[in-house]
Amino acid sequence: MQPYQNQSIHIYNSLTGKKEVFKPIEEGYIGMYVCGPTVYSNVHLGNVRTFMSFDMIYRYFKHLGYKVRYVRNITDAGHLENDADVGEDKITKKARLEQIEPMEVVQRYTVDFHNILNTLNFLPPSIEPTATGHIIEQIELIKTIIDNGFAYVVNGSVYFDVHKFNEANEYGKLSKRKLEDLIHNTRALDGQSDKKNPQDFALWKRAEPQHIMRWPSPWSDGFPGWHLECTAMSTKYLGDNFDIHGGGMDLKFPHHECEIAQSEAAKGISPVNYWMHANMLQLNGQRMSKTTGNTVNPHELLSGNNTFFSKAYSPSVIRFFNAMSSYRSILDLTDDGLLASEKGFNRLMEAINTLETITAGTTSTFNVSEWKQKCYDAMNDDFNSPILIAHLFEAAKVVNQIKDDKASLTSEDLELLKQTMNAFTFDVLGLVNVAQADTSSEKLSGAVELLIQLRQEARANKDFALSDKIRDELAAKGIQLKDGKDGTTFSTN
RNA sequence: GGCGUCUUGGCCGAGUGGCUAGGCAAAGGUCUGCAAAACCUUGUACAGCGGUUCGAAUCCGCUAGACGCCUCCA
């Protein structure tokens, strides 16, 4: 019996606009695809937020005992910048600027991407396929779409015929757009396009001579369209119809809309049962933007080397901050918000450390099993991590009350509380107990313990000048002494 | 301009047609040689104006504002 058999998850499905009961295609197994980064520069912090939310979702599924195949791609072939593009994609443009090979750019930023995610305690996906590794699959997919009459070839490029597709299908059902509206509201293009209609999108693009990344195909030496790679890779590893497809809200249109169209045109079935979209990350109430300079990258956030925040924030604090709001809400990154999260996070960690030191009583004044189910209910309700955290704080309060002899738990309940706290805090939310790791350094704690003892003696002799000196000098070094009932402890910050 | 989302206490941030999270900050208290830290306690908010309802912050309409996509930036 797996834990998921006792839980009923509801997921907000972007396709229907409703929370729906989650039922995997195959019981006990989940196929989940999330659009990964384009590795032509440092990964965008907003992108990291999306991946962080899906990391938490992945962790929760695993916690429930599901076998999850989580596929997150690497877009290393670049994608077209716009319709008027003469065949140069983002990756080659960057490479030329830096005078290096495109695959060198890809390699550098892929490594960088992984470093950041490791630092932030992400679980690696089950498969991390690259676009360049699936050119053949993409070519095959294009052939099928052409054979089915939904794409046409012009000058060595292949375009998806949106109008033809829309005759018997519904283009726009995910983003709630109507083709007629798109037609009326599409800006006049510069007329250089080979496309029959502005709404059509490229499946294959002929490479211009200066384009370095290119592959042979039946139509031309060229490269695949951006929307195609996700369709090719998701269906290859998860099947023509799979459970969950996620990504950032900005990908809903046109990217995900085009994925649906490609799949339906090629296979005749809708590819995804549950579409999930993480909302955007803002910086001080404004959209992050390179052009206006209102942007901070993950390295700068973690190092504190930026002009937006008063200090560096630890990976767990960043994760905690993210989990304090819903993945479907716009999240505004601010110094005040991060500071508040840091304090809250530290308080939670203190309570979890205290939990290891308290002892069981003969009765329970707190219903642990009921509380435990509330934690699950929170996550079952479209992964409502803010509610989960509220429950964790409720438990933290109980722990502190037990420490003050104002509450008690039987040993069974205490054990259950420990297990549940740890499971949700560390396994599901992916937090790391930094404070504990810091103070476990033996040399440091040995030295500080000695100072604590000397200060204790000074205090006993009422030599407060010395005792305060020890306290203040340590504080200046970032070591805080905490006088409690049962002696003095310390923490580093 | 089109389509869509949102507007909650000092700040952040969940949620629900009546039982009104949580965090941060604040105030009071406990502890302490004094502090700090920690802990305890307190705090009735839902943009504005109408409407539906026994009852709305929660449903409907209008207004104002913010944001997103449509157009390179995730």
# chains A, B, ... in the order shown; residues from 1 in each chain; ligands from 1

$ interface_residues --of "chain A" --to "chain B" --cutoff "8 Å" --atoms "only C-alpha atoms (C1' of nucleotides)" --output "JSON list (two decimals) with N, CA, C and O atoms, in the first residue's frame"
[["chain", "number", "residue", "atom", "x", "y", "z"],
["A", 44, "HIS", "N", 17.62, 32.27, -16.22],
["A", 44, "HIS", "CA", 16.84, 33.37, -15.66],
["A", 44, "HIS", "C", 16.25, 32.96, -14.32],
["A", 44, "HIS", "O", 15.77, 31.84, -14.14],
["A", 45, "LEU", "N", 16.29, 33.90, -13.37],
["A", 45, "LEU", "CA", 15.79, 33.59, -12.03],
["A", 45, "LEU", "C", 14.31, 33.19, -12.05],
["A", 45, "LEU", "O", 13.87, 32.34, -11.28],
["A", 46, "GLY", "N", 13.56, 33.82, -12.92],
["A", 46, "GLY", "CA", 12.15, 33.46, -13.03],
["A", 46, "GLY", "C", 11.96, 32.03, -13.50],
["A", 46, "GLY", "O", 11.08, 31.31, -13.05],
["A", 47, "ASN", "N", 12.84, 31.64, -14.39],
["A", 47, "ASN", "CA", 12.85, 30.26, -14.86],
["A", 47, "ASN", "C", 13.14, 29.31, -13.69],
["A", 47, "ASN", "O", 12.52, 28.26, -13.56],
["A", 81, "GLU", "N", 14.21, 33.69, -33.17],
["A", 81, "GLU", "CA", 13.93, 34.86, -32.36],
["A", 81, "GLU", "C", 12.62, 35.52, -32.75],
["A", 81, "GLU", "O", 11.86, 35.94, -31.92],
["A", 82, "ASN", "N", 12.37, 35.61, -34.02],
["A", 82, "ASN", "CA", 11.09, 36.16, -34.47],
["A", 82, "ASN", "C", 10.87, 35.77, -35.92],
["A", 82, "ASN", "O", 11.71, 35.13, -36.54],
["A", 176, "LYS", "N", -7.04, 30.15, -24.61],
["A", 176, "LYS", "CA", -8.37, 30.77, -24.75],
["A", 176, "LYS", "C", -8.36, 31.89, -25.80],
["A", 176, "LYS", "O", -8.87, 32.97, -25.57],
["A", 177, "ARG", "N", -7.73, 31.59, -26.90],
["A", 177, "ARG", "CA", -7.71, 32.54, -27.99],
["A", 177, "ARG", "C", -8.47, 31.96, -29.17],
["A", 177, "ARG", "O", -8.51, 30.75, -29.35],
["A", 181, "ASP", "N", -9.51, 36.22, -33.80],
["A", 181, "ASP", "CA", -8.94, 37.33, -33.03],
["A", 181, "ASP", "C", -7.46, 37.48, -33.32],
["A", 181, "ASP", "O", -6.93, 38.59, -33.43],
["A", 182, "LEU", "N", -6.79, 36.34, -33.41],
["A", 182, "LEU", "CA", -5.37, 36.38, -33.69],
["A", 182, "LEU", "C", -5.11, 37.02, -35.05],
["A", 182, "LEU", "O", -4.17, 37.79, -35.24],
["A", 185, "ASN", "N", -5.55, 40.74, -34.82],
["A", 185, "ASN", "CA", -4.66, 41.46, -33.93],
["A", 185, "ASN", "C", -3.19, 41.21, -34.19],
["A", 185, "ASN", "O", -2.34, 41.67, -33.46],
["A", 186, "THR", "N", -2.91, 40.44, -35.21],
["A", 186, "THR", "CA", -1.51, 40.23, -35.52],
["A", 186, "THR", "C", -0.97, 41.46, -36.24],
["A", 186, "THR", "O", -1.58, 41.96, -37.18],
["A", 248, "GLY", "N", 6.43, 27.74, -17.48],
["A", 248, "GLY", "CA", 6.09, 29.08, -17.04],
["A", 248, "GLY", "C", 4.86, 29.58, -17.77],
["A", 248, "GLY", "O", 4.54, 29.13, -18.88],
["A", 250, "ASP", "N", 4.38, 32.24, -19.26],
["A", 250, "ASP", "CA", 4.69, 32.91, -20.53],
["A", 250, "ASP", "C", 4.79, 31.93, -21.69],
["A", 250, "ASP", "O", 4.78, 32.35, -22.84],
["A", 253, "PHE", "N", 1.21, 30.62, -24.43],
["A", 253, "PHE", "CA", 1.05, 31.01, -25.82],
["A", 253, "PHE", "C", 2.30, 31.74, -26.28],
["A", 253, "PHE", "O", 2.77, 32.63, -25.59],
["A", 289, "SER", "N", 13.58, 42.50, -16.32],
["A", 289, "SER", "CA", 13.88, 42.82, -17.69],
["A", 289, "SER", "C", 15.34, 43.23, -17.84],
["A", 289, "SER", "O", 15.85, 44.06, -17.09],
["A", 290, "LYS", "N", 15.99, 42.62, -18.79],
["A", 290, "LYS", "CA", 17.39, 42.95, -19.01],
["A", 290, "LYS", "C", 17.52, 44.36, -19.56],
["A", 290, "LYS", "O", 18.46, 45.08, -19.25],
["A", 291, "THR", "N", 16.55, 44.77, -20.37],
["A", 291, "THR", "CA", 16.68, 46.07, -21.02],
["A", 291, "THR", "C", 16.54, 47.22, -20.01],
["A", 291, "THR", "O", 17.19, 48.24, -20.15],
["A", 324, "MET", "N", 6.34, 29.87, 0.29],
["A", 324, "MET", "CA", 5.40, 30.65, 1.10],
["A", 324, "MET", "C", 4.28, 31.22, 0.25],
["A", 324, "MET", "O", 3.31, 31.76, 0.79],
["A", 325, "SER", "N", 4.43, 31.18, -1.06],
["A", 325, "SER", "CA", 3.32, 31.61, -1.90],
["A", 325, "SER", "C", 2.99, 30.50, -2.88],
["A", 325, "SER", "O", 3.76, 29.57, -3.07],
["A", 336, "ASP", "N", 12.44, 42.90, 1.79],
["A", 336, "ASP", "CA", 11.60, 42.70, 2.97],
["A", 336, "ASP", "C", 11.03, 41.29, 2.99],
["A", 336, "ASP", "O", 10.99, 40.65, 4.04],
["A", 337, "GLY", "N", 10.57, 40.85, 1.85],
["A", 337, "GLY", "CA", 9.98, 39.52, 1.76],
["A", 337, "GLY", "C", 11.00, 38.44, 2.08],
["A", 337, "GLY", "O", 10.71, 37.49, 2.81],
["A", 339, "LEU", "N", 13.79, 38.83, 3.82],
["A", 339, "LEU", "CA", 14.17, 38.93, 5.24],
["A", 339, "LEU", "C", 13.13, 38.24, 6.12],
["A", 339, "LEU", "O", 13.47, 37.51, 7.05],
["A", 340, "ALA", "N", 11.86, 38.48, 5.82],
["A", 340, "ALA", "CA", 10.79, 37.86, 6.60],
["A", 340, "ALA", "C", 10.84, 36.35, 6.46],
["A", 340, "ALA", "O", 10.69, 35.61, 7.45],
["A", 341, "SER", "N", 11.09, 35.88, 5.25],
["A", 341, "SER", "CA", 11.19, 34.43, 5.03],
["A", 341, "SER", "C", 12.38, 33.85, 5.78],
["A", 341, "SER", "O", 12.31, 32.76, 6.34],
["A", 343, "LYS", "N", 13.73, 34.87, 8.55],
["A", 343, "LYS", "CA", 13.43, 34.75, 9.99],
["A", 343, "LYS", "C", 12.48, 33.60, 10.25],
["A", 343, "LYS", "O", 12.66, 32.83, 11.20],
["A", 344, "GLY", "N", 11.46, 33.51, 9.43],
["A", 344, "GLY", "CA", 10.50, 32.43, 9.60],
["A", 344, "GLY", "C", 11.17, 31.07, 9.41],
["A", 344, "GLY", "O", 10.93, 30.14, 10.18],
["A", 386, "PRO", "N", 1.84, 27.16, 0.93],
["A", 386, "PRO", "CA", 1.68, 28.13, 2.03],
["A", 386, "PRO", "C", 0.86, 27.57, 3.19],
["A", 386, "PRO", "O", 1.17, 27.83, 4.35],
["A", 387, "ILE", "N", -0.18, 26.82, 2.86],
["A", 387, "ILE", "CA", -0.98, 26.20, 3.92],
["A", 387, "ILE", "C", -0.16, 25.14, 4.64],
["A", 387, "ILE", "O", -0.21, 25.02, 5.87],
["A", 389, "ILE", "N", 2.98, 25.14, 5.11],
["A", 389, "ILE", "CA", 3.91, 25.84, 6.00],
["A", 389, "ILE", "C", 3.19, 26.36, 7.23],
["A", 389, "ILE", "O", 3.73, 26.30, 8.35],
["A", 390, "ALA", "N", 1.97, 26.83, 7.06],
["A", 390, "ALA", "CA", 1.20, 27.28, 8.21],
["A", 390, "ALA", "C", 1.03, 26.13, 9.20],
["A", 390, "ALA", "O", 1.16, 26.30, 10.42],
["A", 391, "HIS", "N", 0.78, 24.94, 8.70],
["A", 391, "HIS", "CA", 0.65, 23.76, 9.58],
["A", 391, "HIS", "C", 1.98, 23.41, 10.23],
["A", 391, "HIS", "O", 2.01, 22.97, 11.38],
["A", 393, "PHE", "N", 4.22, 25.49, 11.10],
["A", 393, "PHE", "CA", 4.40, 26.45, 12.19],
["A", 393, "PHE", "C", 3.50, 26.10, 13.37],
["A", 393, "PHE", "O", 3.87, 26.32, 14.52],
["A", 400, "ASN", "N", 7.44, 23.86, 20.94],
["A", 400, "ASN", "CA", 7.94, 24.82, 21.92],
["A", 400, "ASN", "C", 7.14, 24.76, 23.22],
["A", 400, "ASN", "O", 7.69, 24.97, 24.30],
["A", 459, "ARG", "N", 30.57, 35.22, 34.76],
["A", 459, "ARG", "CA", 29.24, 35.64, 35.25],
["A", 459, "ARG", "C", 29.04, 35.18, 36.68],
["A", 459, "ARG", "O", 28.46, 35.92, 37.50],
["A", 462, "LYS", "N", 30.49, 37.51, 38.86],
["A", 462, "LYS", "CA", 29.90, 38.83, 38.63],
["A", 462, "LYS", "C", 30.86, 39.77, 37.90],
["A", 462, "LYS", "O", 30.82, 40.98, 38.07],
["A", 464, "PHE", "N", 30.91, 41.09, 34.96],
["A", 464, "PHE", "CA", 30.06, 41.26, 33.78],
["A", 464, "PHE", "C", 30.78, 41.97, 32.64],
["A", 464, "PHE", "O", 30.42, 41.83, 31.49],
["A", 481, "LEU", "N", 25.42, 34.10, 21.00],
["A", 481, "LEU", "CA", 25.19, 33.27, 22.19],
["A", 481, "LEU", "C", 23.73, 33.43, 22.61],
["A", 481, "LEU", "O", 23.18, 34.52, 22.56],
["A", 482, "LYS", "N", 23.17, 32.31, 23.03],
["A", 482, "LYS", "CA", 21.78, 32.33, 23.46],
["A", 482, "LYS", "C", 21.69, 31.73, 24.85],
["A", 482, "LYS", "O", 21.91, 30.53, 25.03],
["A", 483, "ASP", "N", 21.40, 32.60, 25.82],
["A", 483, "ASP", "CA", 21.25, 32.12, 27.20],
["A", 483, "ASP", "C", 19.87, 31.54, 27.39],
["A", 483, "ASP", "O", 18.87, 32.22, 27.21],
["A", 484, "GLY", "N", 19.81, 30.30, 27.77],
["A", 484, "GLY", "CA", 18.52, 29.67, 28.05],
["A", 484, "GLY", "C", 18.50, 29.12, 29.46],
["A", 484, "GLY", "O", 19.47, 29.26, 30.20],
["A", 485, "LYS", "N", 17.39, 28.50, 29.79],
["A", 485, "LYS", "CA", 17.24, 27.91, 31.12],
["A", 485, "LYS", "C", 18.33, 26.88, 31.40],
["A", 485, "LYS", "O", 18.90, 26.82, 32.48]]

$ select_by_dssp --residues "range 287-459 of chain A" --states "strand (DSSP E)" --output "mmCIF file with N, CA and C atoms, in the first residue's frame"
data_model
loop_
_atom_site.group_PDB
_atom_site.id
_atom_site.type_symbol
_atom_site.label_atom_id
_atom_site.label_comp_id
_atom_site.auth_asym_id
_atom_site.auth_seq_id
_atom_site.Cartn_x
_atom_site.Cartn_y
_atom_site.Cartn_z
ATOM 1 N N ARG A 287 8.262 43.729 -13.652
ATOM 2 C CA ARG A 287 8.733 42.628 -14.463
ATOM 3 C C ARG A 287 10.262 42.674 -14.534
ATOM 4 N N LEU A 331 4.864 36.102 -7.929
ATOM 5 C CA LEU A 331 5.693 36.232 -6.734
ATOM 6 C C LEU A 331 6.589 37.448 -6.902
ATOM 7 N N ASP A 332 6.533 38.321 -5.907
ATOM 8 C CA ASP A 332 7.331 39.552 -5.988
ATOM 9 C C ASP A 332 8.552 39.404 -5.081
ATOM 10 N N LEU A 333 9.698 39.400 -5.701
ATOM 11 C CA LEU A 333 10.947 39.254 -4.964
ATOM 12 C C LEU A 333 11.348 40.614 -4.391
#

$ residues_around --residues "Asn42 in chain A" --least-positions-apart "2" --cutoff "8 Å" --atoms "only C-alpha atoms (C1' of nucleotides)" --output "list in words"
Val39, Tyr40, His44, Tyr109, Asp112, Phe113 and Asn297 of chain A

$ select_by_dssp --residues "range 69-289 of chain A" --states "helix (DSSP H, G or I)" --output "ChimeraX atom specification"
/A:90-98,102-119,132-147,162-168,179-185,226-238,249-267

$ residues_around --residues "Ile74 in chain A" --least-positions-apart "2" --cutoff "7 Å" --atoms "only C-alpha atoms (C1' of nucleotides)" --output "PyMOL selection string"
chain A and resi 36-38+72+76+128-131

$ atom_distance --atom1 "CA of Leu355 in chain A" --atom2 "CA of Ala475 in chain A"
26.0 Å

$ decode --residues "range 351-389 of chain A" --atoms "N, CA and C atoms" --output "PDB file, in the first residue's frame"
ATOM      1  N   ALA A 351      12.746  25.035  15.772  1.00  0.00           N
ATOM      2  CA  ALA A 351      11.732  24.132  16.326  1.00  0.00           C
ATOM      3  C   ALA A 351      12.047  22.686  15.959  1.00  0.00           C
ATOM      4  N   ILE A 352      12.520  22.472  14.744  1.00  0.00           N
ATOM      5  CA  ILE A 352      12.833  21.108  14.322  1.00  0.00           C
ATOM      6  C   ILE A 352      14.029  20.575  15.109  1.00  0.00           C
ATOM      7  N   ASN A 353      14.970  21.443  15.411  1.00  0.00           N
ATOM      8  CA  ASN A 353      16.091  21.024  16.254  1.00  0.00           C
ATOM      9  C   ASN A 353      15.621  20.730  17.677  1.00  0.00           C
ATOM     10  N   THR A 354      14.724  21.569  18.166  1.00  0.00           N
ATOM     11  CA  THR A 354      14.177  21.351  19.504  1.00  0.00           C
ATOM     12  C   THR A 354      13.426  20.028  19.577  1.00  0.00           C
ATOM     13  N   LEU A 355      12.748  19.704  18.498  1.00  0.00           N
ATOM     14  CA  LEU A 355      11.963  18.468  18.435  1.00  0.00           C
ATOM     15  C   LEU A 355      12.808  17.247  18.781  1.00  0.00           C
ATOM     16  N   GLU A 356      14.079  17.299  18.443  1.00  0.00           N
ATOM     17  CA  GLU A 356      14.976  16.165  18.727  1.00  0.00           C
ATOM     18  C   GLU A 356      15.325  16.072  20.205  1.00  0.00           C
ATOM     19  N   THR A 357      15.114  17.156  20.941  1.00  0.00           N
ATOM     20  CA  THR A 357      15.554  17.161  22.341  1.00  0.00           C
ATOM     21  C   THR A 357      14.425  16.958  23.335  1.00  0.00           C
ATOM     22  N   ILE A 358      13.173  17.104  22.898  1.00  0.00           N
ATOM     23  CA  ILE A 358      12.081  17.002  23.869  1.00  0.00           C
ATOM     24  C   ILE A 358      11.730  15.547  24.139  1.00  0.00           C
ATOM     25  N   THR A 359      11.121  15.306  25.269  1.00  0.00           N
ATOM     26  CA  THR A 359      10.803  13.927  25.658  1.00  0.00           C
ATOM     27  C   THR A 359       9.290  13.713  25.692  1.00  0.00           C
ATOM     28  N   ALA A 360       8.918  12.465  25.550  1.00  0.00           N
ATOM     29  CA  ALA A 360       7.499  12.108  25.476  1.00  0.00           C
ATOM     30  C   ALA A 360       6.870  12.126  26.861  1.00  0.00           C
ATOM     31  N   GLY A 361       5.573  12.375  26.878  1.00  0.00           N
ATOM     32  CA  GLY A 361       4.810  12.336  28.125  1.00  0.00           C
ATOM     33  C   GLY A 361       3.857  11.154  28.114  1.00  0.00           C
ATOM     34  N   THR A 362       2.935  11.150  29.043  1.00  0.00           N
ATOM     35  CA  THR A 362       2.007  10.012  29.134  1.00  0.00           C
ATOM     36  C   THR A 362       0.738  10.242  28.326  1.00  0.00           C
ATOM     37  N   THR A 363       0.429  11.512  28.053  1.00  0.00           N
ATOM     38  CA  THR A 363      -0.767  11.792  27.263  1.00  0.00           C
ATOM     39  C   THR A 363      -0.410  12.746  26.129  1.00  0.00           C
ATOM     40  N   SER A 364      -1.349  12.870  25.190  1.00  0.00           N
ATOM     41  CA  SER A 364      -1.147  13.813  24.097  1.00  0.00           C
ATOM     42  C   SER A 364      -2.173  14.932  24.185  1.00  0.00           C
ATOM     43  N   THR A 365      -1.686  16.158  24.148  1.00  0.00           N
ATOM     44  CA  THR A 365      -2.584  17.306  24.178  1.00  0.00           C
ATOM     45  C   THR A 365      -2.808  17.868  22.782  1.00  0.00           C
ATOM     46  N   PHE A 366      -2.271  17.178  21.789  1.00  0.00           N
ATOM     47  CA  PHE A 366      -2.371  17.660  20.406  1.00  0.00           C
ATOM     48  C   PHE A 366      -2.623  16.458  19.508  1.00  0.00           C
ATOM     49  N   ASN A 367      -3.591  16.599  18.624  1.00  0.00           N
ATOM     50  CA  ASN A 367      -3.952  15.482  17.757  1.00  0.00           C
ATOM     51  C   ASN A 367      -3.016  15.413  16.546  1.00  0.00           C
ATOM     52  N   VAL A 368      -2.001  14.588  16.662  1.00  0.00           N
ATOM     53  CA  VAL A 368      -0.964  14.549  15.629  1.00  0.00           C
ATOM     54  C   VAL A 368      -1.467  13.946  14.321  1.00  0.00           C
ATOM     55  N   SER A 369      -2.257  12.884  14.400  1.00  0.00           N
ATOM     56  CA  SER A 369      -2.685  12.264  13.130  1.00  0.00           C
ATOM     57  C   SER A 369      -3.608  13.185  12.352  1.00  0.00           C
ATOM     58  N   GLU A 370      -4.441  13.918  13.095  1.00  0.00           N
ATOM     59  CA  GLU A 370      -5.319  14.857  12.407  1.00  0.00           C
ATOM     60  C   GLU A 370      -4.481  15.953  11.737  1.00  0.00           C
ATOM     61  N   TRP A 371      -3.494  16.423  12.472  1.00  0.00           N
ATOM     62  CA  TRP A 371      -2.598  17.461  11.941  1.00  0.00           C
ATOM     63  C   TRP A 371      -1.860  16.956  10.705  1.00  0.00           C
ATOM     64  N   LYS A 372      -1.398  15.706  10.795  1.00  0.00           N
ATOM     65  CA  LYS A 372      -0.678  15.115   9.668  1.00  0.00           C
ATOM     66  C   LYS A 372      -1.541  15.114   8.409  1.00  0.00           C
ATOM     67  N   GLN A 373      -2.793  14.719   8.559  1.00  0.00           N
ATOM     68  CA  GLN A 373      -3.666  14.692   7.389  1.00  0.00           C
ATOM     69  C   GLN A 373      -3.894  16.089   6.834  1.00  0.00           C
ATOM     70  N   LYS A 374      -3.901  17.081   7.723  1.00  0.00           N
ATOM     71  CA  LYS A 374      -4.066  18.467   7.261  1.00  0.00           C
ATOM     72  C   LYS A 374      -2.889  18.875   6.368  1.00  0.00           C
ATOM     73  N   CYS A 375      -1.712  18.399   6.725  1.00  0.00           N
ATOM     74  CA  CYS A 375      -0.539  18.687   5.892  1.00  0.00           C
ATOM     75  C   CYS A 375      -0.731  18.094   4.501  1.00  0.00           C
ATOM     76  N   TYR A 376      -1.205  16.849   4.471  1.00  0.00           N
ATOM     77  CA  TYR A 376      -1.455  16.220   3.164  1.00  0.00           C
ATOM     78  C   TYR A 376      -2.563  16.946   2.414  1.00  0.00           C
ATOM     79  N   ASP A 377      -3.619  17.305   3.144  1.00  0.00           N
ATOM     80  CA  ASP A 377      -4.732  18.003   2.486  1.00  0.00           C
ATOM     81  C   ASP A 377      -4.250  19.278   1.803  1.00  0.00           C
ATOM     82  N   ALA A 378      -3.337  19.971   2.486  1.00  0.00           N
ATOM     83  CA  ALA A 378      -2.820  21.215   1.910  1.00  0.00           C
ATOM     84  C   ALA A 378      -2.124  20.934   0.582  1.00  0.00           C
ATOM     85  N   MET A 379      -1.245  19.957   0.577  1.00  0.00           N
ATOM     86  CA  MET A 379      -0.517  19.651  -0.655  1.00  0.00           C
ATOM     87  C   MET A 379      -1.437  19.041  -1.706  1.00  0.00           C
ATOM     88  N   ASN A 380      -2.434  18.288  -1.251  1.00  0.00           N
ATOM     89  CA  ASN A 380      -3.373  17.683  -2.199  1.00  0.00           C
ATOM     90  C   ASN A 380      -4.201  18.738  -2.918  1.00  0.00           C
ATOM     91  N   ASP A 381      -4.354  19.897  -2.290  1.00  0.00           N
ATOM     92  CA  ASP A 381      -5.139  20.958  -2.888  1.00  0.00           C
ATOM     93  C   ASP A 381      -4.241  21.803  -3.798  1.00  0.00           C
ATOM     94  N   ASP A 382      -3.931  21.243  -4.938  1.00  0.00           N
ATOM     95  CA  ASP A 382      -3.119  21.938  -5.937  1.00  0.00           C
ATOM     96  C   ASP A 382      -1.788  22.435  -5.356  1.00  0.00           C
ATOM     97  N   PHE A 383      -1.192  21.577  -4.535  1.00  0.00           N
ATOM     98  CA  PHE A 383       0.159  21.840  -3.992  1.00  0.00           C
ATOM     99  C   PHE A 383       0.226  23.173  -3.252  1.00  0.00           C
ATOM    100  N   ASN A 384      -0.699  23.316  -2.309  1.00  0.00           N
ATOM    101  CA  ASN A 384      -0.784  24.580  -1.576  1.00  0.00           C
ATOM    102  C   ASN A 384       0.264  24.625  -0.461  1.00  0.00           C
ATOM    103  N   SER A 385       1.485  24.919  -0.858  1.00  0.00           N
ATOM    104  CA  SER A 385       2.582  24.924   0.109  1.00  0.00           C
ATOM    105  C   SER A 385       2.440  26.002   1.197  1.00  0.00           C
ATOM    106  N   PRO A 386       1.837  27.162   0.931  1.00  0.00           N
ATOM    107  CA  PRO A 386       1.683  28.135   2.028  1.00  0.00           C
ATOM    108  C   PRO A 386       0.863  27.568   3.189  1.00  0.00           C
ATOM    109  N   ILE A 387      -0.178  26.817   2.864  1.00  0.00           N
ATOM    110  CA  ILE A 387      -0.983  26.204   3.924  1.00  0.00           C
ATOM    111  C   ILE A 387      -0.164  25.136   4.644  1.00  0.00           C
ATOM    112  N   LEU A 388       0.579  24.370   3.887  1.00  0.00           N
ATOM    113  CA  LEU A 388       1.446  23.363   4.511  1.00  0.00           C
ATOM    114  C   LEU A 388       2.378  24.039   5.516  1.00  0.00           C
ATOM    115  N   ILE A 389       2.979  25.143   5.112  1.00  0.00           N
ATOM    116  CA  ILE A 389       3.914  25.839   6.000  1.00  0.00           C
ATOM    117  C   ILE A 389       3.195  26.357   7.232  1.00  0.00           C
TER     118      ILE A 389
END
